[in-house]
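Structure file entry_8.cif; described as mmCIF, C-alpha atoms.
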data_entry
loop_
_atom_site.label_atom_id
_atom_site.label_comp_id
_atom_site.auth_asym_id
_atom_site.auth_seq_id
_atom_site.Cartn_x
_atom_site.Cartn_y
_atom_site.Cartn_z
CA MET Y 513 11.36 37.40 -12.92
CA ASN Y 514 9.93 40.36 -11.02
CA ILE Y 515 6.30 41.33 -10.96
CA ASP Y 516 4.73 43.97 -8.74
CA ALA Y 517 2.30 41.98 -6.70
CA LYS Y 518 -0.39 43.69 -4.70
CA TYR Y 519 -1.36 40.73 -2.55
CA HIS Y 520 1.22 38.76 -0.56
CA PRO Y 521 1.47 35.84 1.84
CA THR Y 522 0.85 36.70 5.51
CA PRO Y 523 3.91 37.25 7.75
CA GLU Y 524 3.08 33.94 9.46
CA GLN Y 525 3.10 32.10 6.14
CA LEU Y 526 6.46 33.62 5.16
CA GLU Y 527 7.94 32.74 8.52
CA GLY Y 528 6.62 29.19 8.37
CA PHE Y 529 8.09 28.83 4.90
CA ALA Y 530 11.52 30.09 6.03
CA GLN Y 531 11.53 27.70 8.97
CA GLY Y 532 10.35 24.78 6.89
CA SER Y 533 7.33 24.14 9.07
CA LEU Y 534 4.59 24.23 6.42
CA ALA Y 535 3.02 21.42 4.42
CA PRO Y 536 4.77 20.73 1.09
CA GLY Y 537 1.79 22.04 -0.91
CA MET Y 538 1.92 25.37 0.92
CA ASN Y 539 5.70 25.54 0.47
CA VAL Y 540 5.35 25.17 -3.27
CA VAL Y 541 2.84 27.98 -3.70
CA ILE Y 542 4.77 30.36 -1.43
CA SER Y 543 8.03 29.49 -3.14
CA ALA Y 544 6.44 30.29 -6.51
CA HIS Y 545 5.20 33.66 -5.27
CA VAL Y 546 8.57 34.52 -3.72
CA GLU Y 547 10.23 33.75 -7.03
CA LEU Y 548 8.04 36.40 -8.68
CA CYS Y 549 7.97 39.00 -5.91
CA ALA Y 550 11.09 41.00 -4.98
CA THR Y 551 9.48 42.37 -1.80
CA CYS Y 552 8.79 38.93 -0.38
CA ARG Y 553 12.20 37.72 -1.51
CA GLN Y 554 13.77 40.38 0.70
CA SER Y 555 11.56 39.41 3.68
CA ILE Y 556 12.31 35.75 3.16
CA SER Y 557 16.06 36.20 3.12
CA GLU Y 558 15.86 38.10 6.43
CA LEU Y 559 13.67 35.37 7.89
CA GLU Y 560 16.09 32.74 6.64
CA GLU Y 561 19.01 34.48 8.34
CA ALA Y 562 17.04 34.44 11.59
CA ALA Y 563 15.95 30.82 11.14
CA SER Y 564 19.52 29.70 10.36
CA LYS Y 565 20.82 31.39 13.53
CA GLU Y 566 18.24 29.54 15.53
CA TRP Y 567 19.13 26.31 13.71
CA VAL Y 568 22.83 26.61 14.57
CA ARG Y 569 22.12 27.76 18.11
CA SER Y 570 19.62 25.06 18.98
CA THR Y 571 21.37 22.02 17.50
CA PRO Y 572 23.53 20.16 20.03
CA ASP Y 573 27.11 19.87 18.88
CA THR Y 574 27.26 16.12 18.68
CA ARG Y 575 28.01 14.07 15.62
CA ALA Y 576 25.36 11.83 14.15
CA SER Y 577 26.97 8.48 14.92
CA SER Y 578 25.52 6.74 11.89
CA ILE Y 579 27.43 8.92 9.44
CA ASN Y 580 30.70 7.69 8.03
CA PHE Y 581 32.32 11.07 7.52
CA SER Y 582 35.33 10.26 5.41
CA ALA Y 583 33.53 7.91 3.01
CA MET Y 584 30.81 10.49 2.43
CA ILE Y 585 33.30 13.30 1.90
CA ASP Y 586 35.31 11.19 -0.54
CA SER Y 587 32.24 10.46 -2.62
CA ILE Y 588 31.21 14.13 -2.63
CA VAL Y 589 34.50 15.71 -3.68
CA ASP Y 590 34.64 13.50 -6.77
CA HIS Y 591 31.78 15.52 -8.22
CA PRO Y 592 32.54 18.49 -10.46
CA GLN Y 593 31.57 21.89 -9.14
CA ILE Y 594 29.02 24.17 -10.76
CA LYS Y 595 30.72 27.32 -12.01
CA SER Y 596 27.87 29.31 -13.44
CA ASP Y 597 24.41 30.00 -12.13
CA ASP Y 598 22.71 28.23 -14.98
CA THR Y 599 19.24 27.34 -13.85
CA ALA Y 600 18.35 25.34 -16.93
CA SER Y 601 16.74 22.08 -15.93
CA ASP Y 602 14.69 19.23 -17.25
CA ASN Y 603 11.52 20.70 -15.86
CA VAL Y 604 8.65 21.71 -18.09
CA PRO Y 605 8.97 25.50 -17.99
CA GLU Y 606 5.63 26.41 -19.47
CA ILE Y 607 1.99 25.48 -19.77
CA HIS Y 608 0.40 25.71 -23.18
CA MET Y 609 -2.97 27.34 -23.14
CA LEU Y 610 -5.35 27.58 -26.08
CA ASP Y 611 -3.72 30.54 -27.78
CA HIS Y 612 -0.54 31.20 -25.82
CA SER Y 613 1.97 29.68 -23.43
CA VAL Y 614 2.57 30.62 -19.84
CA THR Y 615 6.03 30.35 -18.30
CA LEU Y 616 5.80 28.80 -14.86
CA PRO Y 617 7.84 29.78 -11.83
CA ARG Y 618 10.49 27.12 -11.19
CA ALA Y 619 8.77 25.76 -8.07
CA LEU Y 620 5.65 25.03 -10.11
CA ALA Y 621 7.52 23.81 -13.18
CA LYS Y 622 8.95 21.09 -10.96
CA VAL Y 623 5.44 20.13 -9.90
CA ALA Y 624 4.03 20.25 -13.44
CA SER Y 625 6.89 18.20 -14.87
CA ASP Y 626 5.18 15.04 -13.64
CA GLY Y 627 2.47 15.75 -16.20
CA LEU Y 628 -0.89 17.42 -15.75
CA VAL Y 629 -4.25 15.85 -16.43
CA TRP Y 630 -6.87 18.48 -17.11
CA LYS Y 631 -10.51 17.93 -16.31
CA GLN Y 632 -13.33 20.14 -17.44
CA LEU Y 633 -15.62 21.32 -14.71
CA ALA Y 634 -18.87 23.16 -15.16
CA GLY Y 635 -18.83 26.92 -15.56
CA GLY Y 636 -15.82 27.13 -17.86
CA ILE Y 637 -13.29 25.95 -15.30
CA ASN Y 638 -10.49 23.47 -16.06
CA GLN Y 639 -8.70 21.77 -13.25
CA ALA Y 640 -5.51 19.72 -12.99
CA THR Y 641 -4.93 18.35 -9.50
CA VAL Y 642 -1.48 17.48 -8.23
CA THR Y 643 -0.77 15.50 -5.09
CA LEU Y 644 2.06 17.00 -3.07
CA ASP Y 645 1.23 15.76 0.41
CA ASP Y 646 -1.61 14.46 2.53
CA GLN Y 647 -2.45 17.76 4.20
CA THR Y 648 -3.34 19.95 1.26
CA GLN Y 649 -5.24 19.79 -1.99
CA CYS Y 650 -3.34 21.43 -4.82
CA GLU Y 651 -4.49 22.20 -8.31
CA PHE Y 652 -3.85 24.27 -11.37
CA LEU Y 653 -7.04 26.04 -12.35
CA TYR Y 654 -7.74 27.60 -15.69
CA MET Y 655 -10.77 29.84 -15.88
CA LYS Y 656 -11.88 30.51 -19.41
CA PRO Y 657 -12.71 34.12 -20.27
CA GLY Y 658 -16.12 34.95 -18.86
CA SER Y 659 -16.20 32.06 -16.43
CA GLN Y 660 -17.51 32.10 -12.91
CA VAL Y 661 -16.97 29.76 -9.99
CA PRO Y 662 -20.11 29.10 -7.94
CA VAL Y 663 -20.27 30.87 -4.57
CA HIS Y 664 -18.24 28.83 -2.22
CA LYS Y 665 -16.94 28.52 1.25
CA HIS Y 666 -14.43 26.09 2.59
CA GLN Y 667 -12.94 24.58 5.63
CA GLY Y 668 -9.37 25.68 6.18
CA ASN Y 669 -7.45 28.28 4.19
CA GLU Y 670 -7.43 28.57 0.46
CA VAL Y 671 -4.47 30.17 -1.22
CA THR Y 672 -4.59 31.13 -4.88
CA LEU Y 673 -1.58 32.33 -6.84
CA VAL Y 674 -2.37 34.04 -10.13
CA LEU Y 675 0.00 32.94 -12.91
CA ASP Y 676 -1.57 34.48 -15.99
CA GLY Y 677 -4.58 36.66 -16.79
CA SER Y 678 -6.65 37.86 -13.88
CA PHE Y 679 -9.72 37.16 -11.80
CA GLU Y 680 -11.86 39.16 -9.44
CA ASP Y 681 -14.14 38.62 -6.48
CA GLU Y 682 -15.99 40.83 -4.02
CA LEU Y 683 -12.73 41.95 -2.40
CA GLY Y 684 -10.46 42.74 -5.31
CA HIS Y 685 -9.01 42.20 -8.75
CA TYR Y 686 -6.05 39.83 -8.87
CA LYS Y 687 -3.21 39.84 -11.38
CA PRO Y 688 -0.13 37.69 -11.99
CA ALA Y 689 1.96 37.04 -8.84
CA ASP Y 690 -0.91 38.06 -6.56
CA PHE Y 691 -1.26 35.71 -3.62
CA VAL Y 692 -4.88 35.56 -2.51
CA VAL Y 693 -5.64 34.11 0.92
CA ARG Y 694 -9.17 33.16 1.90
CA THR Y 695 -10.05 31.70 5.26
CA ALA Y 696 -12.91 29.46 6.25
CA LYS Y 697 -14.93 32.53 7.19
CA ASP Y 698 -14.88 34.06 3.74
CA LEU Y 699 -17.59 33.37 1.26
CA HIS Y 700 -16.57 34.28 -2.22
CA GLN Y 701 -17.43 34.02 -5.84
CA PRO Y 702 -14.45 34.37 -8.16
CA ALA Y 703 -15.01 35.30 -11.79
CA SER Y 704 -12.67 35.99 -14.67
CA GLU Y 705 -13.42 38.30 -17.52
CA GLU Y 706 -10.20 37.86 -19.46
CA GLY Y 707 -9.40 34.29 -18.43
CA CYS Y 708 -7.01 33.22 -15.72
CA LEU Y 709 -4.47 30.53 -14.92
CA CYS Y 710 -3.75 30.03 -11.26
CA PHE Y 711 -2.43 27.53 -8.76
CA ALA Y 712 -4.58 26.90 -5.70
CA VAL Y 713 -3.82 25.19 -2.42
CA LEU Y 714 -6.43 24.26 0.12
CA ASP Y 715 -5.10 23.33 3.51
CA SER Y 716 -7.66 21.53 5.53
CA PRO Y 717 -7.04 18.37 7.42
CA LEU Y 718 -8.60 15.20 6.18
CA THR Y 719 -11.81 15.05 8.12
CA PHE Y 720 -14.78 12.77 8.23
CA THR Y 721 -16.89 15.00 6.06
CA LYS Y 722 -14.14 15.87 3.65
CA GLY Y 723 -13.44 12.20 2.99
CA LEU Y 724 -17.08 11.55 2.31
CA ALA Y 725 -17.46 14.64 0.21
CA ARG Y 726 -14.63 13.45 -2.00
CA LEU Y 727 -16.55 10.27 -2.47
CA LEU Y 728 -19.70 11.98 -3.55
CA ASN Y 729 -18.27 14.60 -5.79
CA PRO Y 730 -14.70 15.79 -5.99
CA PHE Y 731 -15.91 19.35 -6.56
CA ILE Y 732 -18.39 19.46 -3.78
CA ARG Y 733 -16.08 21.34 -1.46
CA TYR Y 734 -17.10 24.44 -3.34
CA ARG Y 735 -20.59 24.01 -2.18
CA PHE Y 736 -20.37 22.98 1.42
CA ARG Y 737 -22.97 24.38 3.72
CA ARG Y 738 -22.55 23.97 7.43
CA ALA Y 739 -26.23 23.88 8.24
CA THR Y 740 -25.63 22.34 11.61
CA SER Y 741 -23.72 25.27 13.07
CA ALA Y 742 -26.32 27.76 11.83
CA ALA Y 743 -29.15 25.73 13.32
CA ALA Y 744 -27.42 25.45 16.66
CA HIS Y 745 -27.54 29.19 17.34
CA MET A 294 23.54 39.46 23.17
CA GLU A 295 22.18 39.07 19.70
CA ASP A 296 23.66 42.47 18.76
CA VAL A 297 27.16 41.51 19.83
CA VAL A 298 27.02 38.39 17.68
CA SER A 299 25.79 40.10 14.54
CA GLY A 300 28.26 42.93 15.08
CA ALA A 301 31.16 40.49 15.09
CA GLY A 302 29.71 38.85 12.01
CA SER A 303 29.61 42.01 9.97
CA MET A 304 33.21 42.86 10.95
CA LEU A 305 34.29 39.51 9.66
CA MET A 306 32.38 39.96 6.45
CA GLY A 307 34.04 43.34 5.97
CA SER A 308 37.52 41.84 6.14
CA LEU A 309 36.49 38.95 3.93
CA ALA A 310 35.27 41.18 1.18
CA LYS A 311 38.83 42.45 0.86
CA SER A 312 40.58 39.10 1.01
CA LYS A 313 38.20 37.67 -1.58
CA SER A 314 39.40 40.06 -4.25
CA VAL A 315 43.01 38.94 -3.81
CA LYS A 316 43.43 35.98 -6.15
CA GLU A 317 45.45 33.25 -4.61
CA PRO A 318 47.73 31.21 -6.85
CA ALA A 319 45.97 28.00 -7.84
CA SER A 320 49.17 26.02 -7.34
CA ALA A 321 49.38 26.80 -3.65
CA PRO A 322 45.94 26.51 -2.13
CA ARG A 323 45.68 27.86 1.37
CA VAL A 324 44.96 25.22 3.96
CA SER A 325 41.81 26.37 5.66
CA ASN A 326 41.00 23.96 8.43
CA ASP A 327 41.91 26.40 11.12
CA VAL A 328 39.20 26.43 13.77
CA SER A 329 39.25 30.21 13.75
CA ASP A 330 38.24 30.46 10.07
CA SER A 331 34.72 31.72 9.60
CA ASP A 332 32.12 29.67 7.76
CA GLU A 333 32.32 32.23 4.97
CA GLN A 334 36.10 31.90 4.60
CA LEU A 335 35.79 28.13 4.42
CA LEU A 336 32.96 28.22 1.91
CA ILE A 337 34.81 30.67 -0.32
CA ALA A 338 37.95 28.52 -0.15
CA VAL A 339 35.89 25.52 -1.28
CA GLY A 340 34.42 27.59 -4.10
CA ASN A 341 37.64 29.23 -5.22
CA HIS A 342 40.00 26.28 -5.27
CA GLN A 343 38.16 23.14 -4.25
CA ASP A 344 39.85 23.29 -0.87
CA ARG A 345 39.22 19.88 0.66
CA ALA A 346 40.47 20.79 4.10
CA ALA A 347 38.00 23.67 4.16
CA PHE A 348 35.27 21.30 3.00
CA ASN A 349 36.16 18.87 5.79
CA ALA A 350 35.88 21.70 8.29
CA LEU A 351 32.47 22.75 6.92
CA PHE A 352 31.38 19.13 6.98
CA SER A 353 32.19 18.71 10.64
CA ARG A 354 30.57 22.03 11.52
CA PHE A 355 27.32 21.41 9.67
CA SER A 356 26.65 17.69 9.14
CA ASN A 357 25.13 17.15 12.57
CA LYS A 358 22.98 20.24 12.16
CA ILE A 359 21.76 19.04 8.78
CA TYR A 360 21.04 15.64 10.26
CA ALA A 361 19.07 17.27 13.09
CA MET A 362 17.01 19.29 10.63
CA GLY A 363 16.30 16.10 8.70
CA MET A 364 15.12 14.31 11.82
CA LYS A 365 12.95 17.25 12.81
CA LEU A 366 11.24 17.49 9.43
CA THR A 367 11.16 13.86 8.21
CA ARG A 368 11.46 11.87 11.47
CA ASN A 369 13.32 9.26 9.50
CA GLU A 370 16.96 8.28 10.08
CA GLN A 371 17.66 7.01 6.58
CA LEU A 372 16.18 10.11 4.95
CA SER A 373 18.13 12.34 7.34
CA HIS A 374 21.31 10.50 6.47
CA ASP A 375 20.54 10.96 2.76
CA LEU A 376 19.85 14.62 3.46
CA VAL A 377 23.37 15.10 4.88
CA GLN A 378 24.83 13.49 1.76
CA GLU A 379 22.68 15.52 -0.63
CA ALA A 380 22.95 18.85 1.15
CA MET A 381 26.74 18.62 1.57
CA LEU A 382 27.04 17.58 -2.07
CA THR A 383 25.10 20.72 -3.01
CA VAL A 384 27.40 22.78 -0.78
CA TRP A 385 30.41 21.34 -2.63
CA GLN A 386 28.90 21.77 -6.07
CA LYS A 387 27.48 25.26 -5.60
CA ALA A 388 30.24 26.76 -3.45
CA PRO A 389 31.63 28.67 -6.48
CA LEU A 390 28.25 30.44 -6.74
CA TYR A 391 28.26 31.66 -3.14
CA ASP A 392 29.08 35.27 -2.52
CA LEU A 393 28.75 37.46 0.53
CA ASP A 394 25.87 39.40 -0.97
CA ARG A 395 23.81 36.29 -0.46
CA GLY A 396 24.09 36.59 3.30
CA THR A 397 25.95 34.46 5.79
CA ALA A 398 27.27 31.02 4.91
CA GLN A 399 25.13 29.43 7.59
CA SER A 400 22.00 30.98 6.12
CA TRP A 401 23.05 29.82 2.64
CA ILE A 402 23.61 26.26 3.88
CA PHE A 403 20.45 26.34 5.96
CA THR A 404 18.39 27.41 2.96
CA LEU A 405 19.75 24.82 0.56
CA THR A 406 19.33 22.10 3.20
CA ARG A 407 15.76 23.16 3.86
CA ASN A 408 15.02 23.15 0.13
CA ARG A 409 16.40 19.60 -0.20
CA CYS A 410 14.17 18.73 2.72
CA PHE A 411 11.15 20.18 0.91
CA ASP A 412 11.89 17.89 -2.04
CA ILE A 413 12.29 14.85 0.19
CA LEU A 414 9.06 15.62 2.05
CA ARG A 415 7.21 16.06 -1.19
CA LYS A 416 8.36 12.67 -2.44
CA MET A 417 7.73 11.03 0.90
CA LYS A 418 4.23 12.37 1.42
CA ARG A 419 2.93 11.85 -2.04
CA GLN A 420 0.56 9.01 -1.51
CA PRO A 421 -0.01 6.10 -3.82
CA ALA A 422 -3.11 6.68 -5.91
CA THR A 423 -6.19 5.63 -4.01
CA VAL A 424 -9.56 5.15 -5.64
CA SER A 425 -9.83 7.76 -8.29
CA ALA A 426 -12.87 9.96 -8.14
CA ASP A 427 -13.33 9.10 -11.82
CA ASP A 428 -14.39 5.60 -10.81
CA ILE A 429 -17.35 7.03 -9.04
CA TRP A 430 -18.15 10.37 -10.49
CA PRO A 431 -18.38 10.53 -14.25
CA GLN A 432 -16.38 13.09 -16.16
CA GLU A 433 -17.65 15.17 -19.01
CA GLY A 434 -18.23 12.91 -22.01
CA ASP A 435 -19.37 9.97 -19.94
CA ILE A 436 -22.88 8.63 -20.25
CA ASP A 437 -23.96 10.31 -17.07
CA SER A 438 -22.57 13.70 -17.96
CA GLN A 439 -26.02 15.21 -18.12
CA LEU A 440 -26.44 14.39 -14.49
CA VAL A 441 -23.14 16.02 -13.61
CA HIS A 442 -24.08 19.18 -15.41
CA GLU A 443 -27.37 19.47 -13.67
CA GLU A 444 -25.90 18.94 -10.28
CA MET A 445 -22.80 21.01 -10.60
CA GLY A 446 -23.01 24.62 -9.71
CA THR A 447 -26.32 24.22 -7.98
CA MET A 448 -25.98 21.28 -5.67
CA GLU A 449 -25.54 21.96 -2.04
CA VAL A 450 -25.30 19.10 0.36
CA GLU A 451 -25.46 19.65 4.04
CA VAL A 452 -22.68 18.11 5.99
CA SER A 453 -25.11 16.60 8.46
CA LYS A 454 -27.03 14.93 5.63
CA ILE A 455 -23.94 13.27 4.25
CA GLU A 456 -23.25 11.98 7.70
CA SER A 457 -26.71 10.57 8.05
CA PHE A 458 -26.62 8.92 4.60
CA TYR A 459 -23.38 7.33 5.60
CA GLY A 460 -24.95 6.06 8.80
CA GLN A 461 -27.68 4.33 6.79
CA LEU A 462 -25.27 2.08 4.92
CA PRO A 463 -25.08 -1.58 5.93
CA ALA A 464 -22.17 -2.06 8.33
CA ALA A 465 -20.05 -4.09 5.92
CA GLN A 466 -20.27 -1.46 3.18
CA ARG A 467 -19.74 1.36 5.62
CA ALA A 468 -16.56 -0.24 6.88
CA VAL A 469 -15.17 -0.38 3.35
CA VAL A 470 -16.17 3.21 2.51
CA GLU A 471 -14.60 4.35 5.78
CA GLN A 472 -11.27 2.67 5.01
CA ILE A 473 -11.04 4.12 1.53
CA TYR A 474 -12.52 7.59 1.93
CA ILE A 475 -11.92 8.55 5.50
CA HIS A 476 -8.65 6.80 6.25
CA ASP A 477 -7.55 7.28 2.67
CA ARG A 478 -6.24 3.75 2.22
CA THR A 479 -5.65 1.98 -1.06
CA HIS A 480 -7.88 -0.95 -2.02
CA GLU A 481 -5.11 -3.36 -1.09
CA GLU A 482 -4.45 -1.75 2.27
CA ALA A 483 -8.16 -1.62 3.12
CA ALA A 484 -8.65 -5.30 2.20
CA ALA A 485 -5.75 -6.18 4.48
CA VAL A 486 -7.08 -4.10 7.37
CA LEU A 487 -10.59 -5.58 7.09
CA GLU A 488 -9.21 -9.04 6.37
CA ILE A 489 -11.44 -9.59 3.36
CA PRO A 490 -10.52 -10.55 -0.23
CA LEU A 491 -9.81 -7.68 -2.62
CA GLY A 492 -12.75 -8.67 -4.85
CA THR A 493 -15.16 -8.55 -1.93
CA LEU A 494 -13.86 -5.15 -0.96
CA LYS A 495 -14.34 -3.79 -4.44
CA SER A 496 -17.90 -5.03 -4.76
CA ARG A 497 -18.86 -3.69 -1.33
CA LEU A 498 -17.31 -0.37 -2.21
CA ARG A 499 -19.24 -0.22 -5.46
CA LEU A 500 -22.51 -1.02 -3.69
CA GLY A 501 -21.89 1.41 -0.84
CA VAL A 502 -20.88 4.26 -3.11
CA GLY A 503 -23.83 3.58 -5.42
CA LYS A 504 -26.21 3.75 -2.51
CA LEU A 505 -24.72 6.98 -1.21
CA ARG A 506 -24.95 8.60 -4.61
CA GLN A 507 -28.53 7.51 -4.89
CA MET A 508 -29.40 9.01 -1.50
CA VAL A 509 -27.72 12.30 -2.38
CA GLY A 510 -29.39 12.31 -5.78
CA THR A 511 -32.89 12.02 -4.32
CA GLU A 512 -32.23 14.74 -1.79
CA VAL A 513 -31.27 17.57 -4.09
#

Rewritten as structure tokens:
Amino acid sequence: MNIDAKYHPTPEQLEGFAQGSLAPGMNVVISAHVELCATCRQSISELEEAASKEWVRSTPDTRASSINFSAMIDSIVDHPQIKSDDTASDNVPEIHMLDHSVTLPRALAKVASDGLVWKQLAGGINQATVTLDDQTQCEFLYMKPGSQVPVHKHQGNEVTLVLDGSFEDELGHYKPADFVVRTAKDLHQPASEEGCLCFAVLDSPLTFTKGLARLLNPFIRYRFRRATSAAAH
Amino acid sequence: MEDVVSGAGSMLMGSLAKSKSVKEPASAPRVSNDVSDSDEQLLIAVGNHQDRAAFNALFSRFSNKIYAMGMKLTRNEQLSHDLVQEAMLTVWQKAPLYDLDRGTAQSWIFTLTRNRCFDILRKMKRQPATVSADDIWPQEGDIDSQLVHEEMGTMEVEVSKIESFYGQLPAAQRAVVEQIYIHDRTHEEAAAVLEIPLGTLKSRLRLGVGKLRQMVGTEV
């Protein structure tokens, strides 16, 4: 699958992905973008070459004493080999929307195969959260045609990968495979004229206020106002 | 220094591309445990004719590196041990799919190991379900849905206010709310930490959360 994306992960995000240093939620969304985007696939394979050199160079050449080599090898070579690059799997490959189905990138199909529970939020937004780790909040979001998310601001970075349809905000119009990064500084108000399915990852550490906000209203993060910092200056 | 290394690598790959096209008779597999064989030669031998000696050589070259990556990313010996097993199994199974266009063998093995690691981390870090927000905040269709509609989209709560509401809770309720919502513990874990019965924990949580919601509700 190749789609010409206009918006891509930052070089730091791609490098972190190649090195395996990101949170699982961030890995999943980058992996899904890379699957769709030939440009980033090329960058990633160069970064992986570099990371693998470093891996081989930096690992001391001692055996892990706990490993019983010959027993492990014996059990491995009993398995048949895979002769063709058949990527068919048990994963749910698509999400069924009201009037059509959307084929998911493999990285997300794996995530969705556990089953999605959709909740209706106000403003024509549907949300299905998935828990991938304890450092990010991940969700599939479906914006009905004509829907609008309230102006929001967040702690940490928010990454949104468009899967189907499109949405727009003050800074651009985003189509499938676009990888939209918003930092804590950005205030934005996404809206979708034609409807949009996306996968969003918010990476902010679990903080005092975030824990309490979850208690009060799971959607309140869209409406956080840091009045204290404004008042201080 | 880096240039010298990659230069040697591409020379090797050039000679390999030729040798790969020469089909070796299946009846007489080449023994490829020579220390001078490149990773690529070994991997191709495993892929072409299930060369066990070549697999052994790859195993001894990479298992400790895979283990080290596992320890770095999972910090868990058992998981790192499993990672060696799973990654080397994938190397064995997918060796026939490797070709030199995919880059060096070490990059190929690194990438598949890292991807296994991603899966392990995902499973490891997925937390048991804590209190669901549904317990506290009604969904559409619930009796209170009118309230939700009114508040959603318009409600703004200042961080400092939430903090002050929280400070107004009786200490016993605050301790429970803190365990569940700030430390993200399950009911059972929180009851154990606070050394109170599960039932007591649940009723304090209900009271504390009710009070907080009430305070927020009167403020907006």

Original post:
What is the atom CA of Leu683 of chain Y to atom CA of Phe529 of chain Y distance in Å?
Top reply: 25.7 Å

Given the PyMOL selection byres ((chain A and resi 404-410) around 7) and the file above, list the residues it selects as a PDB file with C-alpha atoms, in the frame of the given file.
ATOM      1  CA  GLY Y 532      10.350  24.780   6.890  1.00  0.00           C
ATOM      2  CA  GLU Y 560      16.090  32.740   6.640  1.00  0.00           C
TER       3      GLU Y 560
ATOM      4  CA  ILE A 359      21.760  19.040   8.780  1.00  0.00           C
ATOM      5  CA  GLY A 363      16.300  16.100   8.700  1.00  0.00           C
ATOM      6  CA  ALA A 380      22.950  18.850   1.150  1.00  0.00           C
ATOM      7  CA  SER A 400      22.000  30.980   6.120  1.00  0.00           C
ATOM      8  CA  TRP A 401      23.050  29.820   2.640  1.00  0.00           C
ATOM      9  CA  ILE A 402      23.610  26.260   3.880  1.00  0.00           C
ATOM     10  CA  PHE A 403      20.450  26.340   5.960  1.00  0.00           C
ATOM     11  CA  PHE A 411      11.150  20.180   0.910  1.00  0.00           C
ATOM     12  CA  ASP A 412      11.890  17.890  -2.040  1.00  0.00           C
ATOM     13  CA  ILE A 413      12.290  14.850   0.190  1.00  0.00           C
ATOM     14  CA  LEU A 414       9.060  15.620   2.050  1.00  0.00           C
TER      15      LEU A 414
END

For segment 533-545 of chain Y, work out the shell of residues within 7 Å, counting only C-alpha atoms and skipping chain neighbours fewer than 5 positions away, then give it as a short mmCIF file (atom, residue, chain, number, x, y, z; two decimals) with C-alpha atoms, in the frame of the given file.
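File part15.cif, as written:
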data_model
loop_
_atom_site.label_atom_id
_atom_site.label_comp_id
_atom_site.auth_asym_id
_atom_site.auth_seq_id
_atom_site.Cartn_x
_atom_site.Cartn_y
_atom_site.Cartn_z
CA GLY Y 528 6.62 29.19 8.37
CA PRO Y 617 7.84 29.78 -11.83
CA ARG Y 618 10.49 27.12 -11.19
CA ALA Y 619 8.77 25.76 -8.07
CA LEU Y 620 5.65 25.03 -10.11
CA LEU Y 644 2.06 17.00 -3.07
CA ASP Y 645 1.23 15.76 0.41
CA GLN Y 647 -2.45 17.76 4.20
CA THR Y 648 -3.34 19.95 1.26
CA CYS Y 650 -3.34 21.43 -4.82
CA LEU Y 673 -1.58 32.33 -6.84
CA ALA Y 689 1.96 37.04 -8.84
CA PHE Y 691 -1.26 35.71 -3.62
CA VAL Y 713 -3.82 25.19 -2.42
CA PHE A 411 11.15 20.18 0.91
CA LEU A 414 9.06 15.62 2.05
CA ARG A 415 7.21 16.06 -1.19
#

**OP:** Quick one: everything within 12 Å of Asp611 of chain Y, counting only C-alpha atoms, minus sequence neighbours fewer than 4 positions away in the same chain. Send it as a list in words.
**Re:**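 Answer for this query is Ile607, Lys656 and Gly707 of chain Y.
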
Residues of the last selection are to be written out with C-alpha atoms, as a CSV table (one decimal), keeping the file's coordinate frame.
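Output saved as selection.csv:
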chain,number,residue,atom,x,y,z
Y,607,ILE,CA,2.0,25.5,-19.8
Y,656,LYS,CA,-11.9,30.5,-19.4
Y,707,GLY,CA,-9.4,34.3,-18.4

Original post:
When you draw a straight line from atom CA of Glu333 of chain A to atom CA of Val589 of chain Y, how long is it in Å?
Top reply: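 Distance between the two atoms: 18.8 Å.
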
**OP:** Compare A:Phe355, A:Phe348, A:Tyr474, A:Tyr459 by their minimum atom-to-atom distance to chain Y, counting only C-alpha atoms, and give me the closest one.
**Re:**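 The closest residue to chain Y is A:Tyr474.
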
**OP:** Any chance you could resolve the PyMOL selection byres ((chain Y and resi 563) around 9) against this file and give the residues as a PyMOL selection string?
**Re:** (chain Y and resi 527+530-531+558-562+564-568) or (chain A and resi 400+403)

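The interatomic distance for the pair atom CA of Gly635 of chain Y and atom CA of Arg499 of chain A works out to 29.0 Å.
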
Subject >> Y:Gly668, Y:Pro688, Y:Gly627, Y:Pro702 ranked by distance to Cys549 of chain Y, top pick (using only C-alpha atoms) >> reply: Y:Pro688

Subject >> Residues selected by the PyMOL selection byres ((chain Y and resi 677) around 8), written as number ranges by chain >> reply: Y: 674-676, 678-679, 687-688, 706-709

**OP:** Counting all atoms listed in the file, find the residues whose atoms lie at most 12 Å from (21.0, 7.4, 9.7) (file coordinates) and write them out as a PyMOL selection string.
**Re:** (chain Y and resi 575-580) or (chain A and resi 356-357+359-361+363-364+367-378)

Original post:
Using only C-alpha atoms, which residues sit within 12 Å of Ala388 of chain A once same-chain residues fewer than 4 positions away are excluded, as a ChimeraX atom specification?
Top reply: /Y:589,592-597 /A:332-344,347-348,351,380-384,392-393,395,398,401-402,405

Original post:
Residues at most 10 Å from segment 469-471 of chain A, counting only C-alpha atoms, excluding those fewer than 4 positions away in the same chain, as an MDAnalysis selection string?
Top reply: (chainID Y and resid 720 723:724 727) or (chainID A and resid 459 462 464:465 475:478 480 483:484 486:487 489 493:502)

**OP:** Would you mind telling me which residue in Y:Val614, Y:Val661, Y:Ala517, Y:Val629 lies nearest to chain A when using only C-alpha atoms?
**Re:**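 Nearest to chain A: Y:Val661.
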